[in-house]
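Dropping final_37.cif in here (mmCIF, C-alpha atoms):
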data_model
loop_
_atom_site.label_atom_id
_atom_site.label_comp_id
_atom_site.auth_asym_id
_atom_site.auth_seq_id
_atom_site.Cartn_x
_atom_site.Cartn_y
_atom_site.Cartn_z
CA MET G 16 28.37 22.23 9.77
CA ARG G 17 29.54 25.64 8.63
CA LEU G 18 27.56 27.18 5.82
CA ALA G 19 29.34 27.73 2.51
CA LEU G 20 30.44 31.28 1.81
CA GLY G 21 27.53 33.33 0.51
CA VAL G 22 24.70 30.93 1.42
CA ARG G 23 23.74 32.90 4.52
CA GLU G 24 23.81 36.15 2.56
CA ARG G 25 21.65 34.83 -0.27
CA VAL G 26 19.04 33.44 2.10
CA ALA G 27 18.97 36.67 4.11
CA ALA G 28 18.59 38.74 0.94
CA VAL G 29 15.37 37.04 -0.20
CA HIS G 30 13.93 37.39 3.31
CA SER G 31 14.80 41.07 3.58
CA GLY G 32 12.32 43.91 3.67
CA SER G 33 12.93 44.83 0.03
CA ALA G 34 10.02 45.40 -2.35
CA LEU G 35 8.50 42.39 -4.07
CA PRO G 36 9.94 43.09 -7.56
CA GLU G 37 13.42 43.18 -6.05
CA ARG G 38 12.87 39.92 -4.15
CA LEU G 39 11.64 38.22 -7.32
CA ARG G 40 14.74 39.47 -9.13
CA LEU G 41 16.87 37.94 -6.36
CA TYR G 42 15.05 34.62 -6.71
CA ASP G 43 15.63 34.73 -10.48
CA GLY G 44 19.36 35.13 -9.89
CA TRP G 45 19.39 32.46 -7.16
CA ALA G 46 17.61 29.80 -9.21
CA GLU G 47 20.71 28.11 -10.63
CA GLY G 48 22.38 27.60 -7.24
CA TYR G 49 19.25 27.35 -5.11
CA GLU G 50 19.19 23.59 -4.62
CA GLN G 51 22.85 23.44 -3.67
CA ASP G 52 22.33 26.20 -1.10
CA VAL G 53 19.25 24.68 0.53
CA ALA G 54 20.99 21.30 0.68
CA ALA G 55 23.72 23.01 2.71
CA LEU G 56 20.97 24.24 5.04
CA GLU G 57 19.61 20.69 5.38
CA TYR G 58 16.24 21.95 4.18
CA ARG G 59 13.74 19.14 4.79
CA ALA G 60 10.35 20.77 4.32
CA PRO G 61 9.72 19.39 0.79
CA HIS G 62 10.45 15.82 1.95
CA LEU G 63 8.37 16.13 5.10
CA ALA G 64 5.42 17.79 3.39
CA ALA G 65 5.32 15.18 0.63
CA ALA G 66 5.58 12.35 3.14
CA SER G 67 2.72 13.69 5.24
CA LEU G 68 0.52 14.33 2.22
CA ALA G 69 1.14 10.87 0.78
CA PHE G 70 0.33 9.24 4.12
CA ALA G 71 -2.97 11.08 4.47
CA PHE G 72 -4.06 10.82 0.85
CA PRO G 73 -7.31 8.81 0.52
CA THR G 74 -6.84 7.54 -3.05
CA ALA G 75 -4.10 6.25 -5.33
CA PRO G 76 -1.83 9.32 -5.84
CA ALA G 77 -1.22 8.64 -9.54
CA GLU G 78 -4.85 9.53 -10.18
CA ALA G 79 -4.72 12.79 -8.21
CA ARG G 80 -4.35 16.27 -9.70
CA LEU G 81 -2.06 18.37 -7.50
CA LEU G 82 -1.06 22.06 -7.56
CA ASP G 83 2.39 22.98 -6.19
CA VAL G 84 2.15 26.68 -5.25
CA ALA G 85 5.46 28.57 -4.96
CA CYS G 86 7.00 25.54 -6.64
CA GLY G 87 10.49 27.03 -6.94
CA THR G 88 12.89 24.70 -8.74
CA GLY G 89 10.71 21.62 -8.21
CA LEU G 90 11.94 20.19 -4.91
CA VAL G 91 8.42 19.34 -3.76
CA ALA G 92 7.58 17.80 -7.15
CA ARG G 93 10.57 15.46 -6.90
CA GLU G 94 9.43 14.25 -3.49
CA LEU G 95 5.83 13.84 -4.62
CA HIS G 96 6.88 11.98 -7.77
CA ARG G 97 8.87 9.53 -5.63
CA ARG G 98 5.64 8.79 -3.76
CA GLY G 99 3.56 8.10 -6.84
CA PHE G 100 2.04 11.50 -7.67
CA ARG G 101 2.11 12.05 -11.43
CA CYS G 102 -0.33 14.84 -12.36
CA LEU G 103 1.58 17.85 -11.06
CA HIS G 104 0.96 21.51 -11.91
CA GLY G 105 3.02 24.39 -10.51
CA VAL G 106 3.01 28.15 -10.05
CA ASP G 107 5.72 30.53 -8.91
CA GLY G 108 6.39 34.26 -9.04
CA SER G 109 9.98 33.87 -10.28
CA ALA G 110 10.61 33.24 -13.96
CA GLY G 111 14.08 31.92 -13.13
CA MET G 112 12.70 29.38 -10.68
CA LEU G 113 10.03 28.29 -13.17
CA GLU G 114 12.70 27.69 -15.81
CA ARG G 115 14.47 25.29 -13.46
CA ALA G 116 11.17 23.62 -12.54
CA GLN G 117 10.40 23.13 -16.23
CA SER G 118 13.75 21.39 -16.71
CA THR G 119 12.78 18.64 -14.24
CA GLY G 120 10.12 17.31 -16.62
CA LEU G 121 7.86 16.56 -13.65
CA TYR G 122 5.19 19.22 -14.19
CA GLN G 123 2.42 18.89 -16.75
CA GLN G 124 1.75 22.63 -16.55
CA LEU G 125 3.55 25.62 -15.08
CA TRP G 126 2.42 29.24 -14.71
CA ARG G 127 3.99 32.44 -13.46
CA CYS G 128 1.76 33.90 -10.74
CA VAL G 129 2.45 36.15 -7.74
CA LEU G 130 0.04 34.80 -5.15
CA GLY G 131 -1.38 37.57 -3.01
CA GLN G 132 -1.39 39.99 -5.93
CA GLU G 133 -3.01 37.72 -8.52
CA ALA G 134 -5.59 34.96 -8.52
CA LEU G 135 -4.31 31.49 -9.28
CA PRO G 136 -4.73 30.88 -13.04
CA VAL G 137 -6.85 27.76 -12.57
CA PRO G 138 -10.57 26.96 -12.16
CA SER G 139 -12.30 26.63 -8.82
CA GLU G 140 -12.48 23.17 -7.17
CA HIS G 141 -9.94 21.82 -9.66
CA TYR G 142 -7.32 20.03 -7.52
CA ASP G 143 -7.35 16.99 -5.27
CA ALA G 144 -4.49 18.52 -3.28
CA VAL G 145 -2.59 21.81 -3.05
CA THR G 146 0.83 22.34 -1.50
CA LEU G 147 2.50 25.57 -0.43
CA VAL G 148 5.91 24.71 0.99
CA GLY G 149 8.45 27.28 2.13
CA ALA G 150 6.77 30.51 1.03
CA LEU G 151 4.52 31.25 4.00
CA GLY G 152 6.62 33.82 5.81
CA GLU G 153 7.25 37.52 6.30
CA GLY G 154 7.50 39.34 2.98
CA GLN G 155 6.43 36.31 0.95
CA VAL G 156 2.91 34.93 0.42
CA PRO G 157 0.48 36.91 2.63
CA THR G 158 -1.89 35.07 4.94
CA THR G 159 -4.78 36.71 3.08
CA ALA G 160 -4.01 34.38 0.15
CA VAL G 161 -5.13 31.23 1.99
CA PRO G 162 -8.76 31.49 0.74
CA GLU G 163 -7.43 31.39 -2.82
CA LEU G 164 -5.85 28.01 -2.05
CA LEU G 165 -9.22 26.82 -0.77
CA ARG G 166 -10.94 28.09 -3.91
CA VAL G 167 -8.98 25.82 -6.24
CA THR G 168 -9.18 22.72 -4.01
CA LYS G 169 -11.91 20.15 -4.59
CA PRO G 170 -14.44 19.48 -1.82
CA GLY G 171 -12.82 16.94 0.45
CA GLY G 172 -9.37 17.70 -0.98
CA LEU G 173 -6.17 18.30 0.94
CA ILE G 174 -4.05 21.40 1.45
CA CYS G 175 -0.53 21.05 2.82
CA LEU G 176 1.20 24.18 4.15
CA THR G 177 4.57 24.75 5.78
CA THR G 178 5.77 27.72 7.78
CA ARG G 179 8.77 28.42 9.98
CA SER G 180 8.92 28.71 13.76
CA ASN G 181 12.17 30.63 14.01
CA PRO G 182 11.97 33.93 15.94
CA SER G 183 11.90 36.18 12.87
CA ASN G 184 8.74 34.45 11.62
CA LEU G 185 6.71 34.19 14.83
CA ARG G 186 4.46 37.18 14.05
CA TYR G 187 3.62 35.79 10.62
CA LYS G 188 3.06 32.30 12.03
CA ALA G 189 0.58 33.69 14.57
CA GLU G 190 -1.26 35.56 11.80
CA LEU G 191 -1.42 32.39 9.71
CA GLU G 192 -2.76 30.30 12.56
CA ALA G 193 -5.41 32.94 13.31
CA ALA G 194 -6.45 33.03 9.65
CA LEU G 195 -6.75 29.24 9.52
CA GLU G 196 -8.79 29.22 12.73
CA ARG G 197 -11.20 31.81 11.30
CA LEU G 198 -11.64 29.79 8.13
CA GLU G 199 -12.30 26.64 10.12
CA LYS G 200 -14.97 28.41 12.18
CA GLN G 201 -16.55 29.61 8.93
CA GLY G 202 -16.73 26.03 7.70
CA ALA G 203 -14.28 26.61 4.85
CA TRP G 204 -12.33 23.48 5.79
CA GLN G 205 -12.38 20.69 8.34
CA LYS G 206 -9.64 19.37 10.57
CA PRO G 207 -10.10 15.72 11.59
CA SER G 208 -7.07 14.11 13.22
CA VAL G 209 -4.61 11.86 11.44
CA VAL G 210 -2.24 9.67 13.46
CA PHE G 211 1.16 9.31 11.83
CA PRO G 212 3.43 6.30 12.30
CA ARG G 213 6.19 6.95 14.80
CA GLY G 214 9.30 8.26 13.09
CA LEU G 215 7.59 9.31 9.84
CA LEU G 216 8.36 12.98 10.39
CA GLU G 217 11.12 14.78 12.20
CA ILE G 218 9.17 17.94 13.01
CA PRO G 219 5.94 18.63 14.92
CA ILE G 220 2.96 18.27 12.60
CA THR G 221 -0.77 18.49 12.53
CA MET G 222 -2.50 16.88 9.57
CA SER G 223 -6.07 17.33 8.47
CA CYS G 224 -8.28 16.00 5.73
CA GLY G 225 -11.92 16.46 4.87
CA PRO G 226 -14.11 13.44 4.14
CA PRO G 227 -14.60 12.71 0.41
CA SER G 228 -18.24 13.73 0.58
CA SER G 229 -17.55 16.93 2.51
CA SER G 230 -18.27 20.33 1.04
CA SER G 231 -15.04 21.64 2.56
CA PRO G 232 -11.46 20.82 1.67
CA GLY G 233 -9.07 19.52 4.25
CA HIS G 234 -5.95 21.25 5.50
CA ALA G 235 -2.56 19.88 6.39
CA GLU G 236 -0.11 22.10 8.23
CA VAL G 237 3.54 21.21 8.67
CA GLN G 238 5.34 23.38 11.20
CA ASP G 239 8.77 23.66 9.61
CA THR G 240 11.09 24.10 12.58
CA SER G 241 14.11 22.06 11.53
CA THR G 242 15.53 23.98 8.59
CA SER G 243 17.18 26.99 10.21
CA LYS G 244 20.84 27.33 11.05
CA PRO G 245 21.99 29.74 13.76
CA GLY G 246 21.99 33.20 12.24
CA ALA G 247 20.31 32.19 8.98
CA ALA G 248 16.69 32.14 7.97
CA ALA G 249 15.22 28.96 6.55
CA PRO G 250 15.01 28.91 2.75
CA SER G 251 11.85 29.25 0.74
#
Take the structure in the file and write it out as structure tokens.
Amino acid sequence: MRLALGVRERVAAVHSGSALPERLRLYDGWAEGYEQDVAALEYRAPHLAAASLAFAFPTAPAEARLLDVACGTGLVARELHRRGFRCLHGVDGSAGMLERAQSTGLYQQLWRCVLGQEALPVPSEHYDAVTLVGALGEGQVPTTAVPELLRVTKPGGLICLTTRSNPSNLRYKAELEAALERLEKQGAWQKPSVVFPRGLLEIPITMSCGPPSSSSPGHAEVQDTSTSKPGAAAPS
């Protein structure tokens, strides 16, 4: 399927090497048409991340408090809401994206926060689960921000991350995997195996969760390899 005129250019612009303020300005301007553009790219990461998190979640999701980091227009929240999650909070660096997220009516609280430059505006050990879908890539959320996600997750909670495996993101992906490995060796989180039903997900996935009595949160990593079109970066 050929991409609509301008979609490729808009996606490339927000993944360019421009300074952060300029990228945030681009996201602000993209907010209104963002969902239409990512639909054209057959962007599946929000669906797949929510499905994997819901499958691995140890308790009734309606009772869980969840933080959607880099929430954008609310695509992840829609998928989580479909699966029974009701207590949703969100943060994003783009005021335009947050305005669209607010319009969904799915978030109980929303904050503007540029992760990597600012601490998350929430207490430590506050969330049963944290998601970061689509913003772990070159020029976006730095890998050094992962400990901040751990800080706000309850002991035994879940963290669900997605990153891309397209060639332009391989260096970042390697850095992320190294950072996660270091944190695991330090005991910051645990990675027991979870066996998914056949056909649940369309992309390779590893899923992890810490036991409820553990002092370390769990980690779920979705390798987002199915969202790129030839010549275009995957959306965020």
- Query: Between G:Leu173, G:Leu121, G:Leu90, G:Leu195, which has the minimum distance to Gly149 (chain G) (counting only C-alpha atoms)?
  - Reply: G:Leu90
- Rank G:Leu82, G:Met112, G:Leu39, G:Leu103 by their smallest atom-to-atom distance to Glu140 (chain G), using all atoms listed in the file, and report the top residue only. G:Leu82
Explicit residue set for the PyMOL selection byres ((chain G and resi 187) around 12), as a PDB file with C-alpha atoms, keeping the file's coordinate frame:
ATOM      1  CA  ALA G 150       6.770  30.510   1.030  1.00  0.00           C
ATOM      2  CA  LEU G 151       4.520  31.250   4.000  1.00  0.00           C
ATOM      3  CA  GLY G 152       6.620  33.820   5.810  1.00  0.00           C
ATOM      4  CA  GLU G 153       7.250  37.520   6.300  1.00  0.00           C
ATOM      5  CA  GLY G 154       7.500  39.340   2.980  1.00  0.00           C
ATOM      6  CA  GLN G 155       6.430  36.310   0.950  1.00  0.00           C
ATOM      7  CA  VAL G 156       2.910  34.930   0.420  1.00  0.00           C
ATOM      8  CA  PRO G 157       0.480  36.910   2.630  1.00  0.00           C
ATOM      9  CA  THR G 158      -1.890  35.070   4.940  1.00  0.00           C
ATOM     10  CA  THR G 159      -4.780  36.710   3.080  1.00  0.00           C
ATOM     11  CA  THR G 178       5.770  27.720   7.780  1.00  0.00           C
ATOM     12  CA  ARG G 179       8.770  28.420   9.980  1.00  0.00           C
ATOM     13  CA  SER G 180       8.920  28.710  13.760  1.00  0.00           C
ATOM     14  CA  ASN G 181      12.170  30.630  14.010  1.00  0.00           C
ATOM     15  CA  PRO G 182      11.970  33.930  15.940  1.00  0.00           C
ATOM     16  CA  SER G 183      11.900  36.180  12.870  1.00  0.00           C
ATOM     17  CA  ASN G 184       8.740  34.450  11.620  1.00  0.00           C
ATOM     18  CA  LEU G 185       6.710  34.190  14.830  1.00  0.00           C
ATOM     19  CA  ARG G 186       4.460  37.180  14.050  1.00  0.00           C
ATOM     20  CA  LYS G 188       3.060  32.300  12.030  1.00  0.00           C
ATOM     21  CA  ALA G 189       0.580  33.690  14.570  1.00  0.00           C
ATOM     22  CA  GLU G 190      -1.260  35.560  11.800  1.00  0.00           C
ATOM     23  CA  LEU G 191      -1.420  32.390   9.710  1.00  0.00           C
ATOM     24  CA  GLU G 192      -2.760  30.300  12.560  1.00  0.00           C
ATOM     25  CA  ALA G 193      -5.410  32.940  13.310  1.00  0.00           C
ATOM     26  CA  ALA G 194      -6.450  33.030   9.650  1.00  0.00           C
TER      27      ALA G 194
END
- Query: Can you list what the PyMOL selection byres ((chain G and resi 126) around 6) grabs from this structure, as a VMD selection string?
  - Reply: chain G and resid 106 125 127
- Query: With only C-alpha atoms as the atoms that count, which of G:Leu147, G:Ala203, G:Ala54, G:Ala92 lies nearest to Pro170 (chain G)?
  - Reply: G:Ala203
